[in-house]
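**Q** File upload_23.cif follows (mmCIF, C-alpha atoms):
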data_final
#
loop_
_atom_site.group_PDB
_atom_site.id
_atom_site.type_symbol
_atom_site.label_atom_id
_atom_site.label_comp_id
_atom_site.auth_asym_id
_atom_site.auth_seq_id
_atom_site.Cartn_x
_atom_site.Cartn_y
_atom_site.Cartn_z
ATOM 1 C CA MET A 1 51.754 4.513 -19.112
ATOM 2 C CA LEU A 2 52.497 1.232 -17.351
ATOM 3 C CA ARG A 3 52.394 3.028 -14.000
ATOM 4 C CA LEU A 4 48.925 4.442 -14.803
ATOM 5 C CA ALA A 5 47.652 0.999 -15.850
ATOM 6 C CA LEU A 6 48.949 -0.588 -12.630
ATOM 7 C CA THR A 7 47.404 2.176 -10.520
ATOM 8 C CA LEU A 8 44.012 1.672 -12.223
ATOM 9 C CA LEU A 9 44.250 -2.087 -11.742
ATOM 10 C CA ILE A 10 44.983 -1.662 -8.019
ATOM 11 C CA LEU A 11 42.102 0.802 -7.602
ATOM 12 C CA LEU A 12 39.654 -1.480 -9.424
ATOM 13 C CA THR A 13 40.710 -4.460 -7.322
ATOM 14 C CA ALA A 14 40.357 -2.483 -4.087
ATOM 15 C CA CYS A 15 36.932 -1.138 -5.092
ATOM 16 C CA SER A 16 35.597 -4.568 -6.018
ATOM 17 C CA ALA A 17 36.535 -6.232 -2.719
ATOM 18 C CA PRO A 18 33.449 -7.030 -0.629
ATOM 19 C CA ASP A 19 32.679 -4.778 2.311
ATOM 20 C CA THR A 20 32.472 -7.146 5.272
ATOM 21 C CA SER A 21 31.911 -4.368 7.829
ATOM 22 C CA GLN A 22 28.152 -4.229 7.039
ATOM 23 C CA PRO A 23 25.708 -7.168 7.098
ATOM 24 C CA ARG A 24 24.848 -8.354 3.610
ATOM 25 C CA PRO A 25 21.262 -7.461 2.598
ATOM 26 C CA VAL A 26 18.883 -10.312 1.817
ATOM 27 C CA ASN A 27 18.007 -8.725 -1.521
ATOM 28 C CA PRO A 28 20.565 -6.646 -3.399
ATOM 29 C CA PRO A 29 19.625 -3.026 -4.038
ATOM 30 C CA VAL A 30 17.546 -2.689 -7.159
ATOM 31 C CA VAL A 31 17.351 0.179 -9.600
ATOM 32 C CA VAL A 32 13.845 1.637 -9.653
ATOM 33 C CA VAL A 33 12.818 2.559 -13.181
ATOM 34 C CA ASP A 34 10.108 5.129 -13.768
ATOM 35 C CA PRO A 35 7.965 4.741 -16.888
ATOM 36 C CA PRO A 36 8.703 7.128 -19.754
ATOM 37 C CA ALA A 37 6.916 10.427 -19.690
ATOM 38 C CA PRO A 38 3.931 10.809 -22.040
ATOM 39 C CA GLY A 39 5.257 11.447 -25.503
ATOM 40 C CA GLY A 40 8.286 9.165 -25.024
ATOM 41 C CA GLY A 41 10.538 11.145 -22.686
ATOM 42 C CA PRO A 42 13.699 9.629 -21.190
ATOM 43 C CA VAL A 43 13.581 6.877 -18.568
ATOM 44 C CA THR A 44 15.137 7.886 -15.261
ATOM 45 C CA THR A 45 16.795 5.439 -12.931
ATOM 46 C CA VAL A 46 17.339 6.033 -9.250
ATOM 47 C CA PRO A 47 19.377 3.641 -7.103
ATOM 48 C CA ALA A 48 17.313 2.176 -4.280
ATOM 49 C CA VAL A 49 18.259 3.372 -0.812
ATOM 50 C CA ASP A 50 17.265 2.147 2.616
ATOM 51 C CA ALA A 51 16.154 -1.228 1.226
ATOM 52 C CA PHE A 52 15.188 -3.954 3.672
ATOM 53 C CA PRO A 53 13.373 -7.286 3.317
ATOM 54 C CA VAL A 54 9.609 -7.543 3.755
ATOM 55 C CA GLU A 55 8.287 -10.745 5.259
ATOM 56 C CA ILE A 56 6.211 -12.847 2.830
ATOM 57 C CA LEU A 57 5.003 -16.429 2.749
ATOM 58 C CA THR A 58 6.256 -18.545 -0.132
ATOM 59 C CA SER A 59 5.503 -22.039 -1.308
ATOM 60 C CA PRO A 60 8.010 -24.433 0.298
ATOM 61 C CA ALA A 61 8.903 -25.932 -3.102
ATOM 62 C CA PRO A 62 8.243 -25.291 -6.798
ATOM 63 C CA THR A 63 4.761 -26.484 -7.756
ATOM 64 C CA GLN A 64 3.340 -27.875 -10.978
ATOM 65 C CA GLY A 65 -0.286 -26.868 -10.519
ATOM 66 C CA GLY A 66 -2.904 -26.008 -7.971
ATOM 67 C CA MET A 67 -6.026 -23.936 -7.579
ATOM 68 C CA ASP A 68 -6.599 -21.688 -10.560
ATOM 69 C CA ALA A 69 -9.247 -19.094 -9.717
ATOM 70 C CA LEU A 70 -8.238 -15.611 -10.892
ATOM 71 C CA GLY A 71 -8.026 -13.137 -8.032
ATOM 72 C CA THR A 72 -7.853 -9.371 -8.510
ATOM 73 C CA PHE A 73 -6.422 -7.619 -5.469
ATOM 74 C CA VAL A 74 -4.850 -4.408 -4.241
ATOM 75 C CA LEU A 75 -1.619 -5.343 -2.481
ATOM 76 C CA GLU A 76 -1.439 -3.732 0.970
ATOM 77 C CA TYR A 77 1.534 -3.307 3.325
ATOM 78 C CA ASP A 78 1.465 -3.239 7.132
ATOM 79 C CA GLU A 79 4.494 -1.195 8.155
ATOM 80 C CA GLU A 80 4.280 -2.172 11.832
ATOM 81 C CA LEU A 81 4.169 -5.935 11.150
ATOM 82 C CA ASN A 82 6.293 -5.652 7.962
ATOM 83 C CA CYS A 83 3.977 -7.913 5.974
ATOM 84 C CA LEU A 84 1.898 -7.891 2.781
ATOM 85 C CA TYR A 85 -1.784 -8.780 2.416
ATOM 86 C CA HIS A 86 -4.957 -7.965 0.501
ATOM 87 C CA LEU A 87 -8.451 -7.343 1.836
ATOM 88 C CA GLU A 88 -11.081 -10.046 1.472
ATOM 89 C CA GLU A 89 -14.416 -9.365 -0.200
ATOM 90 C CA ASP A 90 -17.266 -8.742 2.221
ATOM 91 C CA ASN A 91 -20.459 -10.812 2.341
ATOM 92 C CA ASN A 92 -21.963 -8.658 -0.423
ATOM 93 C CA GLY A 93 -19.062 -9.373 -2.780
ATOM 94 C CA GLU A 94 -17.559 -5.896 -2.439
ATOM 95 C CA PRO A 95 -13.798 -6.224 -2.962
ATOM 96 C CA GLY A 96 -11.339 -4.914 -0.433
ATOM 97 C CA THR A 97 -13.728 -4.400 2.483
ATOM 98 C CA GLY A 98 -13.346 -7.622 4.505
ATOM 99 C CA GLY A 99 -10.539 -8.958 6.679
ATOM 100 C CA ARG A 100 -6.882 -9.348 5.781
ATOM 101 C CA VAL A 101 -5.721 -12.198 3.559
ATOM 102 C CA VAL A 102 -2.019 -13.076 3.296
ATOM 103 C CA ILE A 103 -0.658 -14.400 0.025
ATOM 104 C CA GLN A 104 1.495 -17.492 -0.240
ATOM 105 C CA TRP A 105 3.648 -16.432 -3.178
ATOM 106 C CA PRO A 106 5.307 -18.921 -5.542
ATOM 107 C CA PHE A 107 8.547 -20.582 -4.415
ATOM 108 C CA GLY A 108 11.574 -18.262 -4.458
ATOM 109 C CA TYR A 109 9.689 -14.936 -4.488
ATOM 110 C CA THR A 110 11.024 -12.118 -2.284
ATOM 111 C CA ALA A 111 9.887 -8.639 -1.268
ATOM 112 C CA THR A 112 11.699 -5.490 -0.219
ATOM 113 C CA ASN A 113 10.806 -2.078 1.108
ATOM 114 C CA GLN A 114 12.882 0.370 -0.911
ATOM 115 C CA ALA A 115 12.617 3.779 0.704
ATOM 116 C CA GLY A 116 8.889 3.261 1.324
ATOM 117 C CA LYS A 117 8.061 1.500 -1.956
ATOM 118 C CA VAL A 118 7.262 -2.164 -1.243
ATOM 119 C CA ILE A 119 7.951 -4.447 -4.207
ATOM 120 C CA VAL A 120 7.520 -8.213 -4.744
ATOM 121 C CA PHE A 121 10.111 -9.906 -6.994
ATOM 122 C CA ASP A 122 9.948 -13.218 -8.839
ATOM 123 C CA THR A 123 12.794 -15.749 -8.892
ATOM 124 C CA ALA A 124 14.516 -13.874 -11.726
ATOM 125 C CA GLY A 125 14.504 -10.612 -9.738
ATOM 126 C CA LYS A 126 11.748 -9.033 -11.862
ATOM 127 C CA ALA A 127 9.312 -6.749 -10.012
ATOM 128 C CA VAL A 128 5.878 -8.398 -10.246
ATOM 129 C CA ALA A 129 3.725 -6.502 -7.724
ATOM 130 C CA VAL A 130 3.893 -3.209 -5.837
ATOM 131 C CA ALA A 131 2.049 -2.345 -2.616
ATOM 132 C CA GLY A 132 -0.788 0.087 -3.218
ATOM 133 C CA THR A 133 -1.464 -1.171 -6.745
ATOM 134 C CA GLN A 134 -3.906 -3.670 -8.182
ATOM 135 C CA PHE A 135 -2.754 -6.969 -9.675
ATOM 136 C CA GLN A 136 -4.177 -10.350 -10.651
ATOM 137 C CA ILE A 137 -2.922 -13.812 -9.786
ATOM 138 C CA GLY A 138 -4.282 -17.324 -10.085
ATOM 139 C CA GLY A 139 -4.801 -19.482 -7.030
ATOM 140 C CA GLY A 140 -7.359 -20.133 -4.340
ATOM 141 C CA GLY A 141 -8.207 -19.221 -0.792
ATOM 142 C CA GLY A 142 -8.410 -20.898 2.560
ATOM 143 C CA GLU A 143 -8.340 -20.306 6.305
ATOM 144 C CA PHE A 144 -5.073 -19.009 7.726
ATOM 145 C CA ASN A 145 -3.515 -20.434 10.895
ATOM 146 C CA GLY A 146 -1.269 -17.409 11.441
ATOM 147 C CA SER A 147 2.076 -19.142 11.009
ATOM 148 C CA GLY A 148 4.880 -17.971 8.787
ATOM 149 C CA VAL A 149 4.612 -14.179 9.095
ATOM 150 C CA SER A 150 4.964 -11.716 11.979
ATOM 151 C CA GLY A 151 1.879 -11.738 14.161
ATOM 152 C CA GLY A 152 0.122 -13.637 11.382
ATOM 153 C CA CYS A 153 -0.185 -10.204 9.716
ATOM 154 C CA ASP A 154 -3.545 -10.048 11.561
ATOM 155 C CA ALA A 155 -4.920 -12.148 8.691
ATOM 156 C CA ILE A 156 -8.062 -14.274 8.636
ATOM 157 C CA GLY A 157 -7.358 -16.026 5.336
ATOM 158 C CA ILE A 158 -4.675 -17.083 2.886
ATOM 159 C CA TRP A 159 -4.498 -16.975 -0.920
ATOM 160 C CA TYR A 160 -2.378 -19.802 -2.330
ATOM 161 C CA ALA A 161 -0.916 -18.146 -5.438
ATOM 162 C CA ASN A 162 -0.496 -20.285 -8.527
ATOM 163 C CA GLY A 163 1.478 -18.690 -11.334
ATOM 164 C CA ASP A 164 2.929 -15.255 -11.793
ATOM 165 C CA PRO A 165 1.139 -12.002 -10.905
ATOM 166 C CA MET A 166 0.025 -9.777 -13.775
ATOM 167 C CA PRO A 167 -1.542 -6.357 -14.157
ATOM 168 C CA PRO A 168 -5.340 -6.363 -14.053
ATOM 169 C CA SER A 169 -7.058 -6.912 -17.394
ATOM 170 C CA GLU A 170 -8.646 -3.852 -18.916
#
Translate the structure of the given file into C-alpha cells.
**A**
Amino acid sequence: MLRLALTLLILLTACSAPDTSQPRPVNPPVVVVDPPAPGGGPVTTVPAVDAFPVEILTSPAPTQGGMDALGTFVLEYDEELNCLYHLEEDNNGEPGTGGRVVIQWPFGYTATNQAGKVIVFDTAGKAVAVAGTQFQIGGGGGEFNGSGVSGGCDAIGIWYANGDPMPPSE
C-alpha cells in the first residue's frame, strides 16, 4: 500500500512539473462551454486547441470614467492582420457599412483565437465578446492614428470603450 502511494505521489509530481520545451501561451487554454440544448440538455465542454493571442488595443491604465455613449456593434476579425474591429455607420446612419473602427478595450482585457473562434476576455478571464456576434459597450469614438495594432487594422476610427461589454438589449 505504501509503495502504491509513493508511486502515485511521484507520478503526480512529475505530471505537474511545467513543460519548458514549449513557449508559454499568453492566455492559458480556456474551456469553451456550449449553451444547454433547448429543453435543458447537458452542457458540453471542449478543451480549446490551437489557441493563440489576438492583437487588441487596451487602455494603458484602469480608468474611472470617460465617454458614455452606448454603441451596438458586430465584432469582426481580420485573420490576415490578426486584429478585431467593428464597422462604422455610413452617412445615412446604417450600421456596419462604413470603414473599420478598432476598439480600445478596458485595461487588462485580452483576446484569443481558439481554433477559429475569436473571444475577448475581461480581467477575470470571463468571455465578454465573440467575433461574429453583436454586443453593446459604452464609450465614444474618435479618429485613429493607426498605432498599437498590426497595420492599424486598416481602421479609420477608434472606439474608446468605457465599461464592460454586454449582449444587445432586446
**Q** I need the residue nearest Asn162 of chain A from this list: A:Asp78, A:Asp68, A:Glu143, A:Asp122. Use only C-alpha atoms for the distance.
**A** A:Asp68
**Q** Name the residues that the PyMOL selection byres ((chain A and resi 100-111) around 6) picks from the file above, as a list in words, using the file's chain letters and numbers.
**A**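 So the PyMOL selection byres ((chain A and resi 100-111) around 6), applied here, picks out Pro53, Val54, Leu57, Thr58, Ser59, Ala61, Pro62, Tyr85, His86, Leu87, Gly99, Thr112, Ile119, Val120, Phe121, Asp122, Thr123, Ala155, Ile156, Gly157, Ile158, Trp159, Tyr160 and Ala161 of chain A.
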**Q** Please indicate the distance in Å from atom CA of Asp50 of chain A to atom CA of Asn113 of chain A, rounded to one decimal place.
**A**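 According to the coordinates, atom CA of Asp50 of chain A and atom CA of Asn113 of chain A are separated by 7.9 Å.
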**Q** Atom CA of Lys117 of chain A to atom CA of Gly163 of chain A: how many Å, to one decimal?
**A**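 Value for the atom CA of Lys117 of chain A-atom CA of Gly163 of chain A distance: 23.2 Å.
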**Q** Report, in Å with one decimal, the straight-line distance from atom CA of Thr63 of chain A to atom CA of Asp154 of chain A.
**A**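 That distance, rounded to one decimal, is 26.7 Å.
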**Q** List as a PyMOL selection string the residues having at least one atom at most 8 Å from position (1.9, -3.5, -4.4) as given in the file, counting all atoms listed in the file.
**A** chain A and resi 74-77+118-120+129-135
**Q** Save out the residues we just selected, C-alpha atoms, as a CSV table (one decimal), keeping the file's coordinate frame.
**A**
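part24.csv written:
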chain,number,residue,atom,x,y,z
A,74,VAL,CA,-4.8,-4.4,-4.2
A,75,LEU,CA,-1.6,-5.3,-2.5
A,76,GLU,CA,-1.4,-3.7,1.0
A,77,TYR,CA,1.5,-3.3,3.3
A,118,VAL,CA,7.3,-2.2,-1.2
A,119,ILE,CA,8.0,-4.4,-4.2
A,120,VAL,CA,7.5,-8.2,-4.7
A,129,ALA,CA,3.7,-6.5,-7.7
A,130,VAL,CA,3.9,-3.2,-5.8
A,131,ALA,CA,2.0,-2.3,-2.6
A,132,GLY,CA,-0.8,0.1,-3.2
A,133,THR,CA,-1.5,-1.2,-6.7
A,134,GLN,CA,-3.9,-3.7,-8.2
A,135,PHE,CA,-2.8,-7.0,-9.7
**Q** Of the residues A:Met166, A:Ile56, A:Cys83, A:Ala51, which is the one nearest to Gln136 of chain A, using only C-alpha atoms?
**A**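 Closest to Gln136 of chain A, using only C-alpha atoms: A:Met166.
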**Q** Nearest to Phe73 of chain A: which of A:Gly138, A:Lys126, A:Ser147, A:Ala115 is it, counting all atoms listed in the file?
**A**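 Nearest candidate to Phe73 of chain A out of A:Gly138, A:Lys126, A:Ser147, A:Ala115: A:Gly138.
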**Q** Render segment 139-157 of chain A from the structure in the preceding block as a file of N, CA and C atoms, as a tab-separated table (two decimals), in the first residue's frame.
**A**
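Below is the file decode00.tsv, written as the result:
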chain	number	residue	atom	x	y	z
A	139	GLY	N	-18.94	54.10	-24.33
A	139	GLY	CA	-17.69	54.72	-24.76
A	139	GLY	C	-17.95	55.85	-25.72
A	140	GLY	N	-16.99	56.10	-26.59
A	140	GLY	CA	-17.11	57.16	-27.57
A	140	GLY	C	-16.05	57.01	-28.63
A	141	GLY	N	-16.29	57.64	-29.77
A	141	GLY	CA	-15.40	57.46	-30.91
A	141	GLY	C	-14.48	58.62	-31.17
A	142	GLY	N	-13.51	58.35	-32.03
A	142	GLY	CA	-12.56	59.37	-32.44
A	142	GLY	C	-11.80	58.90	-33.66
A	143	GLU	N	-10.90	59.77	-34.16
A	143	GLU	CA	-10.04	59.40	-35.28
A	143	GLU	C	-8.95	58.48	-34.77
A	144	PHE	N	-8.49	57.58	-35.63
A	144	PHE	CA	-7.48	56.60	-35.25
A	144	PHE	C	-6.19	56.89	-35.99
A	145	ASN	N	-5.07	56.94	-35.26
A	145	ASN	CA	-3.78	57.23	-35.89
A	145	ASN	C	-3.05	55.98	-36.37
A	146	GLY	N	-3.63	54.80	-36.16
A	146	GLY	CA	-3.05	53.58	-36.68
A	146	GLY	C	-2.05	52.90	-35.78
A	147	SER	N	-1.73	53.48	-34.63
A	147	SER	CA	-0.72	52.85	-33.78
A	147	SER	C	-1.35	51.86	-32.81
A	148	GLY	N	-0.58	50.87	-32.45
A	148	GLY	CA	-1.00	49.92	-31.43
A	148	GLY	C	-1.46	48.58	-31.93
A	149	VAL	N	-1.83	48.45	-33.19
A	149	VAL	CA	-2.24	47.16	-33.74
A	149	VAL	C	-1.61	46.99	-35.12
A	150	SER	N	-1.45	45.74	-35.54
A	150	SER	CA	-0.80	45.42	-36.82
A	150	SER	C	-1.44	46.17	-37.97
A	151	GLY	N	-0.63	46.91	-38.70
A	151	GLY	CA	-1.12	47.62	-39.88
A	151	GLY	C	-2.25	48.57	-39.56
A	152	GLY	N	-2.42	48.91	-38.28
A	152	GLY	CA	-3.53	49.77	-37.89
A	152	GLY	C	-4.87	49.11	-38.08
A	153	CYS	N	-4.87	47.82	-38.41
A	153	CYS	CA	-6.08	47.03	-38.68
A	153	CYS	C	-6.88	47.66	-39.83
A	154	ASP	N	-6.21	48.48	-40.65
A	154	ASP	CA	-6.87	49.20	-41.75
A	154	ASP	C	-8.05	50.02	-41.25
A	155	ALA	N	-7.92	50.56	-40.02
A	155	ALA	CA	-9.04	51.27	-39.39
A	155	ALA	C	-8.98	52.77	-39.68
A	156	ILE	N	-10.17	53.38	-39.69
A	156	ILE	CA	-10.27	54.83	-39.86
A	156	ILE	C	-10.67	55.52	-38.56
A	157	GLY	N	-11.14	54.73	-37.59
A	157	GLY	CA	-11.60	55.31	-36.33
A	157	GLY	C	-11.30	54.39	-35.16
